[in-house]
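Peer 1: See start_14.cif below, with mmCIF, N, CA and C atoms.
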```cif
data_query
#
loop_
_atom_site.label_atom_id
_atom_site.label_comp_id
_atom_site.auth_asym_id
_atom_site.auth_seq_id
_atom_site.Cartn_x
_atom_site.Cartn_y
_atom_site.Cartn_z
N MET A 250 92.69 45.30 162.20
CA MET A 250 92.39 46.68 162.53
C MET A 250 91.37 47.23 161.53
N GLN A 251 90.39 47.96 162.06
CA GLN A 251 89.36 48.55 161.22
C GLN A 251 89.96 49.71 160.42
N VAL A 252 89.50 49.86 159.20
CA VAL A 252 89.97 50.94 158.35
C VAL A 252 88.78 51.80 157.98
N LEU A 253 88.99 53.10 158.02
CA LEU A 253 87.92 54.00 157.60
C LEU A 253 87.76 53.89 156.09
N ASN A 254 86.55 53.61 155.63
CA ASN A 254 86.35 53.48 154.20
C ASN A 254 85.46 54.57 153.64
N LYS A 255 85.09 55.55 154.46
CA LYS A 255 84.30 56.68 153.99
C LYS A 255 85.21 57.90 153.98
N SER A 256 84.94 58.79 153.07
CA SER A 256 85.78 59.97 152.95
C SER A 256 84.98 61.23 153.28
N TYR A 257 85.26 61.80 154.44
CA TYR A 257 84.65 63.04 154.88
C TYR A 257 85.78 64.02 155.19
N PRO A 258 85.47 65.30 155.30
CA PRO A 258 86.50 66.25 155.72
C PRO A 258 87.07 65.85 157.09
N ARG A 259 88.30 66.21 157.34
CA ARG A 259 89.04 65.78 158.53
C ARG A 259 88.31 66.08 159.83
N ASN A 260 87.78 67.26 160.01
CA ASN A 260 87.13 67.64 161.26
C ASN A 260 85.62 67.46 161.24
N CYS A 261 85.12 66.75 160.28
CA CYS A 261 83.69 66.47 160.18
C CYS A 261 83.29 65.53 161.32
N LEU A 262 82.13 65.77 161.90
CA LEU A 262 81.65 64.93 162.99
C LEU A 262 81.53 63.47 162.55
N LEU A 263 81.14 63.25 161.31
CA LEU A 263 81.02 61.89 160.80
C LEU A 263 82.38 61.19 160.77
N THR A 264 83.43 61.91 160.45
CA THR A 264 84.77 61.36 160.46
C THR A 264 85.16 60.96 161.88
N VAL A 265 84.89 61.83 162.83
CA VAL A 265 85.21 61.56 164.22
C VAL A 265 84.41 60.35 164.72
N MET A 266 83.14 60.28 164.35
CA MET A 266 82.31 59.15 164.76
C MET A 266 82.81 57.84 164.14
N ASP A 267 83.15 57.88 162.86
CA ASP A 267 83.69 56.68 162.20
C ASP A 267 85.01 56.25 162.81
N ARG A 268 85.87 57.22 163.11
CA ARG A 268 87.17 56.93 163.71
C ARG A 268 86.97 56.28 165.08
N TYR A 269 86.06 56.83 165.87
CA TYR A 269 85.78 56.26 167.20
C TYR A 269 85.26 54.83 167.07
N SER A 270 84.29 54.63 166.20
CA SER A 270 83.70 53.31 166.01
C SER A 270 84.75 52.30 165.56
N ALA A 271 85.58 52.68 164.61
CA ALA A 271 86.63 51.78 164.11
C ALA A 271 87.65 51.47 165.20
N THR A 272 88.00 52.46 166.00
CA THR A 272 88.98 52.25 167.06
C THR A 272 88.44 51.30 168.12
N VAL A 273 87.16 51.47 168.48
CA VAL A 273 86.56 50.59 169.49
C VAL A 273 86.40 49.18 168.93
N ARG A 274 86.04 49.05 167.66
CA ARG A 274 85.96 47.71 167.05
C ARG A 274 87.33 47.04 167.07
N ASN A 275 88.37 47.81 166.78
CA ASN A 275 89.73 47.27 166.85
C ASN A 275 90.05 46.83 168.27
N MET A 276 89.67 47.65 169.25
CA MET A 276 89.90 47.31 170.66
C MET A 276 89.20 45.99 170.99
N GLU A 277 87.96 45.82 170.52
CA GLU A 277 87.22 44.60 170.79
C GLU A 277 87.88 43.38 170.15
N GLN A 278 88.48 43.56 168.98
CA GLN A 278 89.16 42.45 168.31
C GLN A 278 90.46 42.08 169.02
N VAL A 279 91.15 43.07 169.55
CA VAL A 279 92.42 42.82 170.23
C VAL A 279 92.19 42.24 171.62
N VAL A 280 91.24 42.79 172.35
CA VAL A 280 90.98 42.35 173.73
C VAL A 280 90.15 41.07 173.68
N MET A 281 90.83 39.95 173.74
CA MET A 281 90.16 38.65 173.67
C MET A 281 89.65 38.20 175.04
N ILE A 282 90.32 38.63 176.11
CA ILE A 282 89.93 38.26 177.46
C ILE A 282 89.79 39.54 178.27
N PRO A 283 88.62 40.18 178.20
CA PRO A 283 88.42 41.46 178.87
C PRO A 283 88.64 41.42 180.38
N SER A 284 88.43 40.27 181.00
CA SER A 284 88.59 40.19 182.45
C SER A 284 90.03 40.46 182.89
N LEU A 285 90.99 40.35 181.98
CA LEU A 285 92.37 40.69 182.31
C LEU A 285 92.53 42.18 182.62
N LEU A 286 91.58 42.96 182.18
CA LEU A 286 91.64 44.40 182.39
C LEU A 286 91.12 44.82 183.77
N ARG A 287 90.51 43.88 184.48
CA ARG A 287 89.99 44.21 185.82
C ARG A 287 91.14 44.61 186.75
N ASP A 288 90.88 45.60 187.55
CA ASP A 288 91.82 46.10 188.56
C ASP A 288 93.12 46.65 187.97
N MET A 289 93.14 46.86 186.66
CA MET A 289 94.30 47.50 186.04
C MET A 289 93.99 48.99 185.93
N ALA A 290 94.80 49.80 186.56
CA ALA A 290 94.54 51.24 186.58
C ALA A 290 94.95 51.89 185.26
N LEU A 291 94.16 52.86 184.84
CA LEU A 291 94.49 53.66 183.68
C LEU A 291 95.46 54.74 184.14
N GLU A 292 96.57 54.85 183.48
CA GLU A 292 97.59 55.81 183.90
C GLU A 292 97.24 57.19 183.40
N ASP A 293 96.27 57.81 184.09
CA ASP A 293 95.79 59.14 183.71
C ASP A 293 95.56 59.96 184.97
N PRO A 294 96.48 60.87 185.29
CA PRO A 294 96.34 61.66 186.51
C PRO A 294 95.16 62.62 186.48
N THR A 295 94.62 62.92 185.30
CA THR A 295 93.51 63.85 185.19
C THR A 295 92.18 63.13 185.02
N ASN A 296 92.11 61.88 185.48
CA ASN A 296 90.90 61.07 185.34
C ASN A 296 89.77 61.69 186.15
N GLU A 297 88.78 62.26 185.45
CA GLU A 297 87.65 62.89 186.11
C GLU A 297 86.37 62.11 185.89
N THR A 298 86.45 60.95 185.28
CA THR A 298 85.24 60.20 184.94
C THR A 298 84.73 59.35 186.09
N GLY A 299 85.56 59.09 187.09
CA GLY A 299 85.16 58.20 188.17
C GLY A 299 85.40 56.74 187.83
N ILE A 300 85.86 56.47 186.63
CA ILE A 300 86.18 55.10 186.21
C ILE A 300 87.65 54.87 186.52
N HIS A 301 87.91 53.79 187.28
CA HIS A 301 89.27 53.61 187.76
C HIS A 301 89.99 52.40 187.18
N ASP A 302 89.29 51.49 186.55
CA ASP A 302 90.02 50.38 185.96
C ASP A 302 89.71 50.25 184.47
N LEU A 303 90.60 49.56 183.78
CA LEU A 303 90.50 49.44 182.33
C LEU A 303 89.27 48.64 181.89
N TYR A 304 88.84 47.69 182.71
CA TYR A 304 87.66 46.91 182.34
C TYR A 304 86.43 47.80 182.25
N ASN A 305 86.28 48.70 183.21
CA ASN A 305 85.13 49.61 183.16
C ASN A 305 85.22 50.54 181.95
N TYR A 306 86.42 51.00 181.61
CA TYR A 306 86.60 51.79 180.39
C TYR A 306 86.20 50.97 179.17
N TYR A 307 86.65 49.73 179.13
CA TYR A 307 86.36 48.84 178.01
C TYR A 307 84.85 48.70 177.81
N THR A 308 84.12 48.42 178.88
CA THR A 308 82.67 48.25 178.76
C THR A 308 81.97 49.56 178.41
N MET A 309 82.44 50.68 178.96
CA MET A 309 81.85 51.98 178.65
C MET A 309 82.06 52.32 177.18
N LEU A 310 83.27 52.12 176.67
CA LEU A 310 83.58 52.43 175.28
C LEU A 310 82.74 51.58 174.32
N LYS A 311 82.55 50.30 174.65
CA LYS A 311 81.70 49.43 173.82
C LYS A 311 80.26 49.91 173.82
N SER A 312 79.76 50.28 174.98
CA SER A 312 78.38 50.74 175.10
C SER A 312 78.15 52.02 174.29
N ILE A 313 79.09 52.94 174.37
CA ILE A 313 78.96 54.19 173.62
C ILE A 313 79.03 53.93 172.13
N ARG A 314 79.86 52.97 171.71
CA ARG A 314 79.97 52.65 170.29
C ARG A 314 78.63 52.16 169.73
N VAL A 315 77.89 51.40 170.53
CA VAL A 315 76.57 50.93 170.08
C VAL A 315 75.66 52.13 169.82
N ASP A 316 75.69 53.12 170.72
CA ASP A 316 74.88 54.32 170.51
C ASP A 316 75.34 55.10 169.28
N VAL A 317 76.65 55.19 169.08
CA VAL A 317 77.19 55.92 167.93
C VAL A 317 76.79 55.22 166.63
N ASP A 318 76.86 53.90 166.63
CA ASP A 318 76.56 53.14 165.41
C ASP A 318 75.07 53.04 165.12
N HIS A 319 74.25 52.90 166.16
CA HIS A 319 72.83 52.60 165.95
C HIS A 319 71.89 53.72 166.37
N GLY A 320 72.42 54.78 166.93
CA GLY A 320 71.57 55.89 167.35
C GLY A 320 71.12 55.74 168.79
N LEU A 321 70.42 56.75 169.25
CA LEU A 321 69.93 56.77 170.62
C LEU A 321 68.67 55.93 170.76
N LEU A 322 68.29 55.69 172.01
CA LEU A 322 67.03 55.01 172.28
C LEU A 322 65.87 55.85 171.75
N PRO A 323 64.78 55.23 171.36
CA PRO A 323 63.60 56.02 170.99
C PRO A 323 63.18 56.88 172.17
N LYS A 324 62.59 58.02 171.90
CA LYS A 324 62.29 59.00 172.94
C LYS A 324 61.40 58.42 174.03
N ASP A 325 60.44 57.56 173.69
CA ASP A 325 59.56 57.02 174.72
C ASP A 325 60.32 56.09 175.69
N LYS A 326 61.26 55.29 175.17
CA LYS A 326 62.07 54.44 176.04
C LYS A 326 63.03 55.27 176.88
N TRP A 327 63.56 56.32 176.28
CA TRP A 327 64.48 57.20 177.00
C TRP A 327 63.74 57.89 178.14
N LYS A 328 62.53 58.37 177.88
CA LYS A 328 61.75 59.04 178.93
C LYS A 328 61.39 58.07 180.05
N ALA A 329 61.18 56.81 179.74
CA ALA A 329 60.85 55.84 180.76
C ALA A 329 61.99 55.65 181.75
N LYS A 330 63.20 55.91 181.35
CA LYS A 330 64.37 55.77 182.22
C LYS A 330 64.55 56.97 183.15
N ILE A 331 63.88 58.06 182.84
CA ILE A 331 64.07 59.29 183.61
C ILE A 331 63.17 59.28 184.84
N THR A 332 63.69 59.70 185.96
CA THR A 332 62.86 59.79 187.17
C THR A 332 62.05 61.07 187.14
N ASP A 333 61.12 61.20 188.08
CA ASP A 333 60.26 62.38 188.13
C ASP A 333 61.06 63.67 188.28
N SER A 334 62.08 63.66 189.13
CA SER A 334 62.86 64.88 189.33
C SER A 334 63.63 65.25 188.07
N ASP A 335 64.08 64.25 187.36
CA ASP A 335 64.79 64.52 186.11
C ASP A 335 63.84 65.13 185.08
N GLU A 336 62.58 64.71 185.09
CA GLU A 336 61.61 65.26 184.15
C GLU A 336 61.37 66.73 184.42
N GLU A 337 61.32 67.11 185.69
CA GLU A 337 61.13 68.52 186.03
C GLU A 337 62.32 69.34 185.56
N GLU A 338 63.54 68.82 185.76
CA GLU A 338 64.74 69.52 185.31
C GLU A 338 64.73 69.65 183.79
N GLU A 339 64.27 68.61 183.10
CA GLU A 339 64.22 68.63 181.64
C GLU A 339 63.26 69.71 181.14
N GLU A 340 62.10 69.83 181.80
CA GLU A 340 61.14 70.85 181.41
C GLU A 340 61.72 72.24 181.59
N ASP A 341 62.45 72.45 182.71
CA ASP A 341 63.10 73.74 182.95
C ASP A 341 64.14 74.02 181.88
N GLU A 342 64.92 72.98 181.50
CA GLU A 342 65.93 73.16 180.47
C GLU A 342 65.30 73.49 179.12
N GLU A 343 64.15 72.86 178.82
CA GLU A 343 63.46 73.13 177.55
C GLU A 343 63.01 74.59 177.49
N LYS A 344 62.50 75.09 178.61
CA LYS A 344 62.06 76.49 178.65
C LYS A 344 63.24 77.42 178.41
N ARG A 345 64.36 77.12 179.08
CA ARG A 345 65.55 77.96 178.88
C ARG A 345 66.10 77.79 177.48
N GLY A 346 66.00 76.57 176.94
CA GLY A 346 66.51 76.29 175.61
C GLY A 346 65.78 77.07 174.54
N ASP A 347 64.49 77.26 174.73
CA ASP A 347 63.72 78.02 173.76
C ASP A 347 64.17 79.47 173.72
N GLU A 348 64.66 79.96 174.85
CA GLU A 348 65.07 81.36 174.93
C GLU A 348 66.46 81.58 174.33
N LEU A 349 67.28 80.54 174.28
CA LEU A 349 68.65 80.69 173.77
C LEU A 349 68.68 80.60 172.25
N ASP A 350 69.74 81.12 171.70
CA ASP A 350 69.95 81.07 170.26
C ASP A 350 70.25 79.63 169.83
N LEU A 351 69.45 79.09 168.93
CA LEU A 351 69.62 77.70 168.51
C LEU A 351 70.97 77.45 167.83
N GLU A 352 71.44 78.42 167.06
CA GLU A 352 72.73 78.24 166.41
C GLU A 352 73.85 78.15 167.44
N ALA A 353 73.80 78.97 168.46
CA ALA A 353 74.81 78.93 169.51
C ALA A 353 74.76 77.60 170.26
N GLN A 354 73.53 77.12 170.53
CA GLN A 354 73.39 75.82 171.18
C GLN A 354 73.98 74.71 170.31
N PHE A 355 73.68 74.77 169.02
CA PHE A 355 74.19 73.76 168.10
C PHE A 355 75.71 73.73 168.13
N HIS A 356 76.34 74.88 168.01
CA HIS A 356 77.81 74.93 167.99
C HIS A 356 78.40 74.45 169.31
N LEU A 357 77.77 74.78 170.41
CA LEU A 357 78.25 74.32 171.71
C LEU A 357 78.20 72.80 171.79
N HIS A 358 77.06 72.21 171.45
CA HIS A 358 76.91 70.77 171.55
C HIS A 358 77.74 70.04 170.49
N PHE A 359 77.82 70.60 169.32
CA PHE A 359 78.61 69.99 168.25
C PHE A 359 80.08 69.93 168.63
N SER A 360 80.62 71.04 169.12
CA SER A 360 82.04 71.06 169.50
C SER A 360 82.29 70.16 170.71
N SER A 361 81.32 70.11 171.64
CA SER A 361 81.47 69.23 172.80
C SER A 361 81.47 67.77 172.37
N LEU A 362 80.56 67.39 171.49
CA LEU A 362 80.50 66.02 171.01
C LEU A 362 81.77 65.66 170.25
N HIS A 363 82.26 66.56 169.43
CA HIS A 363 83.50 66.34 168.69
C HIS A 363 84.65 66.10 169.67
N HIS A 364 84.74 66.93 170.69
CA HIS A 364 85.82 66.80 171.69
C HIS A 364 85.70 65.48 172.45
N ILE A 365 84.49 65.15 172.88
CA ILE A 365 84.29 63.93 173.67
C ILE A 365 84.62 62.69 172.85
N LEU A 366 84.17 62.63 171.61
CA LEU A 366 84.46 61.46 170.78
C LEU A 366 85.95 61.33 170.49
N THR A 367 86.63 62.45 170.29
CA THR A 367 88.07 62.41 170.09
C THR A 367 88.76 61.89 171.34
N HIS A 368 88.33 62.36 172.49
CA HIS A 368 88.91 61.91 173.77
C HIS A 368 88.65 60.42 173.98
N LEU A 369 87.44 59.95 173.71
CA LEU A 369 87.12 58.53 173.87
C LEU A 369 87.90 57.66 172.90
N THR A 370 88.17 58.17 171.71
CA THR A 370 88.99 57.42 170.75
C THR A 370 90.39 57.22 171.31
N LEU A 371 90.95 58.26 171.91
CA LEU A 371 92.27 58.13 172.53
C LEU A 371 92.24 57.13 173.68
N LYS A 372 91.17 57.13 174.47
CA LYS A 372 91.04 56.17 175.57
C LYS A 372 90.95 54.74 175.06
N ALA A 373 90.23 54.53 173.96
CA ALA A 373 90.13 53.19 173.38
C ALA A 373 91.50 52.72 172.91
N ASN A 374 92.29 53.61 172.34
CA ASN A 374 93.65 53.26 171.95
C ASN A 374 94.51 52.92 173.16
N GLU A 375 94.33 53.65 174.28
CA GLU A 375 95.07 53.36 175.50
C GLU A 375 94.71 51.99 176.06
N VAL A 376 93.41 51.65 176.07
CA VAL A 376 92.98 50.35 176.57
C VAL A 376 93.58 49.25 175.71
N THR A 377 93.54 49.42 174.40
CA THR A 377 94.11 48.43 173.49
C THR A 377 95.60 48.26 173.74
N LYS A 378 96.31 49.37 173.84
CA LYS A 378 97.76 49.32 174.06
C LYS A 378 98.10 48.67 175.39
N LYS A 379 97.35 49.00 176.44
CA LYS A 379 97.60 48.41 177.76
C LYS A 379 97.33 46.92 177.75
N TYR A 380 96.27 46.49 177.05
CA TYR A 380 95.97 45.07 176.95
C TYR A 380 97.09 44.34 176.22
N GLU A 381 97.59 44.94 175.16
CA GLU A 381 98.70 44.33 174.43
C GLU A 381 99.94 44.22 175.30
N GLU A 382 100.19 45.20 176.17
CA GLU A 382 101.32 45.13 177.09
C GLU A 382 101.12 44.01 178.11
N ILE A 383 99.90 43.88 178.63
CA ILE A 383 99.60 42.86 179.63
C ILE A 383 99.79 41.48 179.06
N THR A 384 99.33 41.27 177.83
CA THR A 384 99.39 39.93 177.23
C THR A 384 100.68 39.67 176.47
N GLY A 385 101.51 40.70 176.34
CA GLY A 385 102.79 40.51 175.64
C GLY A 385 102.65 40.53 174.13
N LEU A 386 101.59 41.15 173.62
CA LEU A 386 101.38 41.18 172.17
C LEU A 386 102.16 42.30 171.49
N THR A 387 102.70 43.25 172.26
CA THR A 387 103.45 44.34 171.63
C THR A 387 104.80 43.84 171.17
N MET A 388 105.29 44.47 170.14
CA MET A 388 106.58 44.04 169.59
C MET A 388 107.61 45.10 169.75
#
```
Could you show the structure in this file as structure tokens?

Peer 2:
Amino acid sequence: MQVLNKSYPRNCLLTVMDRYSATVRNMEQVVMIPSLLRDMALEDPTNETGIHDLYNYYTMLKSIRVDVDHGLLPKDKWKAKITDSDEEEEEDEEKRGDELDLEAQFHLHFSSLHHILTHLTLKANEVTKKYEEITGLTM
């Protein structure tokens, strides 16, 4: 199991990011045969993500961990992935963004990111626990 070796305040975004990364690394170490997670439903009645099996959660959590650990794509590569209609929406959002208070935007996005990473950390723990139940590793 990964251990946090950096010391930040409890609700610091860096703490949440480190906790998420460590939890997903632990999940990757425990889940030796990811294909066992296929067609296994996540027991979550409030599932709004559209992801219905544990394997898809597993791959999504790993993918997000790479972004958390290494940062986002460079802006030019990111823009290449956007379609023309998305570019128009982005320009509209930039215009509206300039009009909004930057501090308010920061707090909104910061709290949203904090919440999402905390939620994903819990999901990674659920995938790990379910895999351990499937393989009989729980004691």

Peer 1: Grab the CA of Ser256 in chain A to atom C of Thr377 in chain A distance for me, in Å with one decimal place.

Peer 2: 25.8 Å

Peer 1: Report as an mmCIF file with N, CA and C atoms, keeping the file's coordinate frame all protein, DNA and RNA residues lying within 10 Å of range 311-313 of chain A, evaluated on only C-alpha atoms, omitting residues in the same chain fewer than 4 positions from it.

Peer 2:
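Contents of out_22.cif, freshly written:
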```cif
data_model
loop_
_atom_site.group_PDB
_atom_site.id
_atom_site.type_symbol
_atom_site.label_atom_id
_atom_site.label_comp_id
_atom_site.auth_asym_id
_atom_site.auth_seq_id
_atom_site.Cartn_x
_atom_site.Cartn_y
_atom_site.Cartn_z
ATOM 1 N N TYR A 269 86.060 56.830 165.870
ATOM 2 C CA TYR A 269 85.780 56.260 167.200
ATOM 3 C C TYR A 269 85.260 54.830 167.070
ATOM 4 N N SER A 270 84.290 54.630 166.200
ATOM 5 C CA SER A 270 83.700 53.310 166.010
ATOM 6 C C SER A 270 84.750 52.300 165.560
ATOM 7 N N VAL A 273 87.160 51.470 168.480
ATOM 8 C CA VAL A 273 86.560 50.590 169.490
ATOM 9 C C VAL A 273 86.400 49.180 168.930
ATOM 10 N N ARG A 274 86.040 49.050 167.660
ATOM 11 C CA ARG A 274 85.960 47.710 167.050
ATOM 12 C C ARG A 274 87.330 47.040 167.070
ATOM 13 N N MET A 276 89.670 47.650 169.250
ATOM 14 C CA MET A 276 89.900 47.310 170.660
ATOM 15 C C MET A 276 89.200 45.990 170.990
ATOM 16 N N GLU A 277 87.960 45.820 170.520
ATOM 17 C CA GLU A 277 87.220 44.600 170.790
ATOM 18 C C GLU A 277 87.880 43.380 170.150
ATOM 19 N N ASN A 305 86.280 48.700 183.210
ATOM 20 C CA ASN A 305 85.130 49.610 183.160
ATOM 21 C C ASN A 305 85.220 50.540 181.950
ATOM 22 N N TYR A 306 86.420 51.000 181.610
ATOM 23 C CA TYR A 306 86.600 51.790 180.390
ATOM 24 C C TYR A 306 86.200 50.970 179.170
ATOM 25 N N TYR A 307 86.650 49.730 179.130
ATOM 26 C CA TYR A 307 86.360 48.840 178.010
ATOM 27 C C TYR A 307 84.850 48.700 177.810
ATOM 28 N N VAL A 317 76.650 55.190 169.080
ATOM 29 C CA VAL A 317 77.190 55.920 167.930
ATOM 30 C C VAL A 317 76.790 55.220 166.630
ATOM 31 N N ASP A 318 76.860 53.900 166.630
ATOM 32 C CA ASP A 318 76.560 53.140 165.410
ATOM 33 C C ASP A 318 75.070 53.040 165.120
ATOM 34 N N HIS A 319 74.250 52.900 166.160
ATOM 35 C CA HIS A 319 72.830 52.600 165.950
ATOM 36 C C HIS A 319 71.890 53.720 166.370
ATOM 37 N N GLY A 320 72.420 54.780 166.930
ATOM 38 C CA GLY A 320 71.570 55.890 167.350
ATOM 39 C C GLY A 320 71.120 55.740 168.790
ATOM 40 N N LEU A 321 70.420 56.750 169.250
ATOM 41 C CA LEU A 321 69.930 56.770 170.620
ATOM 42 C C LEU A 321 68.670 55.930 170.760
ATOM 43 N N LEU A 366 84.170 62.630 171.610
ATOM 44 C CA LEU A 366 84.460 61.460 170.780
ATOM 45 C C LEU A 366 85.950 61.330 170.490
ATOM 46 N N LEU A 369 87.440 59.950 173.710
ATOM 47 C CA LEU A 369 87.120 58.530 173.870
ATOM 48 C C LEU A 369 87.900 57.660 172.900
ATOM 49 N N ALA A 373 90.230 54.530 173.960
ATOM 50 C CA ALA A 373 90.130 53.190 173.380
ATOM 51 C C ALA A 373 91.500 52.720 172.910
#
```

Peer 1: Find, counting only C-alpha atoms, the residue in A:Ser361, A:Ile383, A:Met289, A:Arg314 that gets nearest to Ala271 in chain A.

Peer 2: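 Closest candidate: A:Arg314.
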
Peer 1: Just how far from atom N of Leu310 in chain A is atom N of Phe355 in chain A, in Å to one decimal?

Peer 2: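 Atom N of Leu310 in chain A lies at a distance of 25.8 Å from atom N of Phe355 in chain A.
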
Peer 1: Adding 4 Å on each side of the box along x, y and z that holds all listed atoms of range 270-281 of chain A, could you give its centre and edge lengths in Å to one decimal, as AutoDock Vina command-line options?

Peer 2:
```
--center_x 88.1 --center_y 46.4 --center_z 169.6 --size_x 16.7 --size_y 24.4 --size_z 18.9
```

Peer 1: Give me, please, the distance in Å between atom N of His363 in chain A and atom N of Asp302 in chain A, quoted to one decimal.

Peer 2: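 Separating atom N of His363 in chain A from atom N of Asp302 in chain A is a distance of 23.9 Å.
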
Peer 1: My list of candidates is A:Met309, A:Gln354, A:Arg268, A:Val280. Which is closest to Glu381 in chain A when distances are computed with only N, CA and C atoms?

Peer 2: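 Result for the nearest residue to Glu381 in chain A: A:Val280.
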
Peer 1: Give as a list of chain:residue names the residues that the PyMOL selection byres ((chain A and resi 291) around 5) matches when applied to the coordinates above.

Peer 2: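 On the file shown, the PyMOL selection byres ((chain A and resi 291) around 5) covers A:Met289, A:Ala290, A:Glu292, A:Asp293, A:His301, A:Asp302, A:Leu303.
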
Peer 1: Please produce an output containing N, CA and C atoms for each residue in the selection, written as a JSON list (two decimals), in the frame of the given file.

Peer 2:
```json
[["chain", "number", "residue", "atom", "x", "y", "z"],
["A", 289, "MET", "N", 93.14, 46.86, 186.66],
["A", 289, "MET", "CA", 94.30, 47.50, 186.04],
["A", 289, "MET", "C", 93.99, 48.99, 185.93],
["A", 290, "ALA", "N", 94.80, 49.80, 186.56],
["A", 290, "ALA", "CA", 94.54, 51.24, 186.58],
["A", 290, "ALA", "C", 94.95, 51.89, 185.26],
["A", 292, "GLU", "N", 96.57, 54.85, 183.48],
["A", 292, "GLU", "CA", 97.59, 55.81, 183.90],
["A", 292, "GLU", "C", 97.24, 57.19, 183.40],
["A", 293, "ASP", "N", 96.27, 57.81, 184.09],
["A", 293, "ASP", "CA", 95.79, 59.14, 183.71],
["A", 293, "ASP", "C", 95.56, 59.96, 184.97],
["A", 301, "HIS", "N", 87.91, 53.79, 187.28],
["A", 301, "HIS", "CA", 89.27, 53.61, 187.76],
["A", 301, "HIS", "C", 89.99, 52.40, 187.18],
["A", 302, "ASP", "N", 89.29, 51.49, 186.55],
["A", 302, "ASP", "CA", 90.02, 50.38, 185.96],
["A", 302, "ASP", "C", 89.71, 50.25, 184.47],
["A", 303, "LEU", "N", 90.60, 49.56, 183.78],
["A", 303, "LEU", "CA", 90.50, 49.44, 182.33],
["A", 303, "LEU", "C", 89.27, 48.64, 181.89]]
```

Peer 1: Could you list, as a list in words, every residue matched by the PyMOL selection byres ((chain A and resi 285) around 8) in this structure?

Peer 2: Met281, Ile282, Pro283, Ser284, Leu286, Arg287, Asp288, Met289, Leu303, Tyr304, Tyr380 and Ile383 of chain A
